[in-house]
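See below for the structure under consideration.
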Amino acid sequence: MGKLFCLMGKSASGKDAIFRYLKENKALELKEIVPYTTRPMRKGEENGVGYYFVDNAAYEAMRREGKVIESRSYDTIQGKWHYFTADDGQINLSESSSILIGTLEVYVQLKKYFGEDQVVPLYVEVEDGLRLERALSRERMQDEPDYAELCRRYLADRQDFSEEKLAEAGIDRRYENLDLDKCCLEIVRTIKAF
């Protein structure tokens, strides 16, 4: 029986780099789960890579059919955007283990859907000052840096990943990402133990 590994952490904690490392590690045989969103596709994005892009009608149809495993909605200037994981055949724990990047909220909803023993949290953390430095450095490389959004995400993460919420969700193991290779190797050991 496979497991569903949910990689999560605050912004600029290195989740994307760790995710690439894990999915490219052929020995782990992890199947990548691609989530869905109703937000518009950005320049350079490709449908099915990172996200499946659907409209609100498709999202609502999937909800009515009971195919939405978990979802989050955000009010934006361009309207309400939905992000969700669908029961579309990507996750088949009787055949293989899978991995996705999610939030703490995603992890909690996945546990409710699949059962606590089927979903494994991989919570990555970085000291807040270093994380802010990384986020600022990354934002400076953008054509049009959005420092206000960086600050909003940084502050939202403090609430979304508070110690109380982590304890409530049953997160008792953390992977400190000061050195990417060491962090990845520690996560690989955890995955192999399952």
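Identifiers in the structure tokens: chain A, B, ... in order shown; residue index from 1 per chain; ligand index from 1 in order shown.
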
Compile the contact shell of Gly2 of chain A as a PDB file with N, CA, C and O atoms, in the first residue's frame: residues with an atom at most 7 Å away, counting only C-alpha atoms, same-chain residues fewer than 6 positions apart removed.
```
ATOM      1  N   LEU A  93      -3.312   4.894  -4.217  1.00  0.00           N
ATOM      2  CA  LEU A  93      -2.404   4.405  -3.189  1.00  0.00           C
ATOM      3  C   LEU A  93      -2.301   2.884  -3.155  1.00  0.00           C
ATOM      4  O   LEU A  93      -1.378   2.348  -2.552  1.00  0.00           O
ATOM      5  N   SER A  94      -3.200   2.189  -3.822  1.00  0.00           N
ATOM      6  CA  SER A  94      -3.068   0.736  -3.890  1.00  0.00           C
ATOM      7  C   SER A  94      -1.976   0.332  -4.883  1.00  0.00           C
ATOM      8  O   SER A  94      -1.493  -0.790  -4.852  1.00  0.00           O
ATOM      9  N   GLU A  95      -1.573   1.273  -5.747  1.00  0.00           N
ATOM     10  CA  GLU A  95      -0.535   0.988  -6.745  1.00  0.00           C
ATOM     11  C   GLU A  95       0.795   1.650  -6.460  1.00  0.00           C
ATOM     12  O   GLU A  95       1.840   1.082  -6.766  1.00  0.00           O
ATOM     13  N   SER A  96       0.773   2.872  -5.917  1.00  0.00           N
ATOM     14  CA  SER A  96       2.041   3.593  -5.736  1.00  0.00           C
ATOM     15  C   SER A  96       1.897   4.693  -4.694  1.00  0.00           C
ATOM     16  O   SER A  96       0.786   5.080  -4.330  1.00  0.00           O
ATOM     17  N   SER A  97       3.045   5.191  -4.261  1.00  0.00           N
ATOM     18  CA  SER A  97       3.069   6.355  -3.376  1.00  0.00           C
ATOM     19  C   SER A  97       3.098   7.611  -4.234  1.00  0.00           C
ATOM     20  O   SER A  97       3.591   7.598  -5.358  1.00  0.00           O
TER      21      SER A  97
END
```

Next on the checklist: Using DSSP assignments from the backbone, pull out every residue in segment 9-161 of chain A that falls under strand (DSSP E) and give it to me as a ChimeraX atom specification.
Outcome noted: /A:9,30-32,36-37,52-53,68-76,79-86,97-101,119-125

Going by DSSP on the backbone, which residues of segment 22-108 of chain A come out as alpha helix (DSSP H)? List them as a list in words.
Leu22, Lys23, Glu24, Asn56, Ala57, Ala58, Tyr59, Glu60, Ala61, Met62, Arg63, Arg64, Leu104, Glu105, Val106, Tyr107 and Val108 of chain A

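Closest approach to Lys3 of chain A among A:Ile91, A:Val126, A:Val108, A:Ile171: A:Ile91, based on only C-alpha atoms.
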
Counting only C-alpha atoms, the residue among A:His82, A:Lys111, A:Lys15, A:Lys192 that lies closest to Leu180 of chain A is A:Lys15

Could you list, as an mmCIF file with all heavy atoms, in the first residue's frame, every residue within 7 Å of Val120 of chain A, counting only C-alpha atoms and ignoring same-chain residues fewer than 6 positions away?
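Once written, result_13.cif looks like this:
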```
data_model
loop_
_atom_site.group_PDB
_atom_site.id
_atom_site.type_symbol
_atom_site.label_atom_id
_atom_site.label_comp_id
_atom_site.auth_asym_id
_atom_site.auth_seq_id
_atom_site.Cartn_x
_atom_site.Cartn_y
_atom_site.Cartn_z
ATOM 1 N N LYS A 3 1.728 5.487 0.114
ATOM 2 C CA LYS A 3 1.447 6.618 0.998
ATOM 3 C C LYS A 3 1.346 7.879 0.160
ATOM 4 O O LYS A 3 1.883 7.964 -0.944
ATOM 5 C CB LYS A 3 2.560 6.798 2.034
ATOM 6 C CG LYS A 3 2.748 5.616 2.955
ATOM 7 C CD LYS A 3 1.623 5.472 3.939
ATOM 8 C CE LYS A 3 1.882 4.310 4.896
ATOM 9 N NZ LYS A 3 0.725 4.003 5.714
ATOM 10 N N LEU A 4 0.671 8.863 0.701
ATOM 11 C CA LEU A 4 0.587 10.180 0.089
ATOM 12 C C LEU A 4 1.425 11.116 0.941
ATOM 13 O O LEU A 4 1.110 11.365 2.101
ATOM 14 C CB LEU A 4 -0.861 10.657 0.020
ATOM 15 C CG LEU A 4 -1.102 12.046 -0.558
ATOM 16 C CD1 LEU A 4 -0.485 12.192 -1.943
ATOM 17 C CD2 LEU A 4 -2.596 12.339 -0.615
ATOM 18 N N PHE A 5 2.538 11.594 0.370
ATOM 19 C CA PHE A 5 3.449 12.481 1.079
ATOM 20 C C PHE A 5 3.074 13.921 0.763
ATOM 21 O O PHE A 5 3.009 14.306 -0.405
ATOM 22 C CB PHE A 5 4.898 12.193 0.694
ATOM 23 C CG PHE A 5 5.342 10.827 1.120
ATOM 24 C CD1 PHE A 5 5.299 9.759 0.233
ATOM 25 C CD2 PHE A 5 5.796 10.597 2.409
ATOM 26 C CE1 PHE A 5 5.695 8.491 0.618
ATOM 27 C CE2 PHE A 5 6.193 9.329 2.813
ATOM 28 C CZ PHE A 5 6.141 8.268 1.922
ATOM 29 N N CYS A 6 2.824 14.697 1.805
ATOM 30 C CA CYS A 6 2.416 16.094 1.651
ATOM 31 C C CYS A 6 3.559 16.988 2.118
ATOM 32 O O CYS A 6 3.831 17.099 3.315
ATOM 33 C CB CYS A 6 1.143 16.361 2.456
ATOM 34 S SG CYS A 6 0.485 18.020 2.215
#
```

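Restricting the calculation to only C-alpha atoms, the smallest distance between Glu168 of chain A and any of A:Arg64, A:Thr37, A:Glu105, A:Gly48 is found for A:Glu105.
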
Test item: residues at most 10 Å from Phe161 of chain A, only C-alpha atoms, excluding those fewer than 2 positions along its chain, as a list in words: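 So, after excluding close chain neighbours, the residues are Met8, Gly9, Lys10, Thr103, Leu104, Glu105, Tyr123, Ala156, Asp157, Arg158, Gln159, Glu163, Glu164, Lys165, Leu166 and Ala167 of chain A.
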
> So how far away is atom CA of Cys151 of chain A from atom CA of Gly14 of chain A, in Å?
Replying inline: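 So the two atoms, atom CA of Gly14 of chain A and atom CA of Cys151 of chain A, lie 17.3 Å apart.
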
Name the residues in contact with Glu29 of chain A at a cut-off of 9 Å, using only C-alpha atoms, excluding same-chain residues fewer than 3 positions from it; report them as a short mmCIF file (atom, residue, chain, number, x, y, z; two decimals) with N, CA, C and O atoms, in the first residue's frame.
```cif
data_model
loop_
_atom_site.label_atom_id
_atom_site.label_comp_id
_atom_site.auth_asym_id
_atom_site.auth_seq_id
_atom_site.Cartn_x
_atom_site.Cartn_y
_atom_site.Cartn_z
N LYS A 23 10.96 14.14 -6.62
CA LYS A 23 10.28 13.53 -7.76
C LYS A 23 11.28 13.04 -8.81
O LYS A 23 10.97 12.12 -9.57
N GLU A 24 12.48 13.62 -8.85
CA GLU A 24 13.51 13.17 -9.79
C GLU A 24 14.30 11.98 -9.26
O GLU A 24 15.04 11.35 -10.00
N ASN A 25 14.14 11.66 -7.97
CA ASN A 25 14.82 10.51 -7.38
C ASN A 25 14.04 9.25 -7.75
O ASN A 25 13.06 8.89 -7.12
N LYS A 26 14.49 8.59 -8.82
CA LYS A 26 13.76 7.43 -9.38
C LYS A 26 13.63 6.29 -8.38
O LYS A 26 12.66 5.52 -8.44
N SER A 96 0.77 2.87 -5.92
CA SER A 96 2.04 3.59 -5.74
C SER A 96 1.90 4.69 -4.69
O SER A 96 0.79 5.08 -4.33
N SER A 97 3.05 5.19 -4.26
CA SER A 97 3.07 6.35 -3.38
C SER A 97 3.10 7.61 -4.23
O SER A 97 3.59 7.60 -5.36
N SER A 98 2.56 8.69 -3.67
CA SER A 98 2.48 9.95 -4.40
C SER A 98 2.98 11.08 -3.53
O SER A 98 3.08 10.95 -2.32
#
```

Using only C-alpha atoms, the best pick from A:Glu70, A:Gln78, A:Tyr175, A:Leu110 as closest to Arg189 of chain A would be A:Tyr175

Any idea what the distance is between atom CA of Ile187 of chain A and atom CA of Phe53 of chain A?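 Taking atom CA of Ile187 of chain A and atom CA of Phe53 of chain A, their separation equals 29.7 Å.
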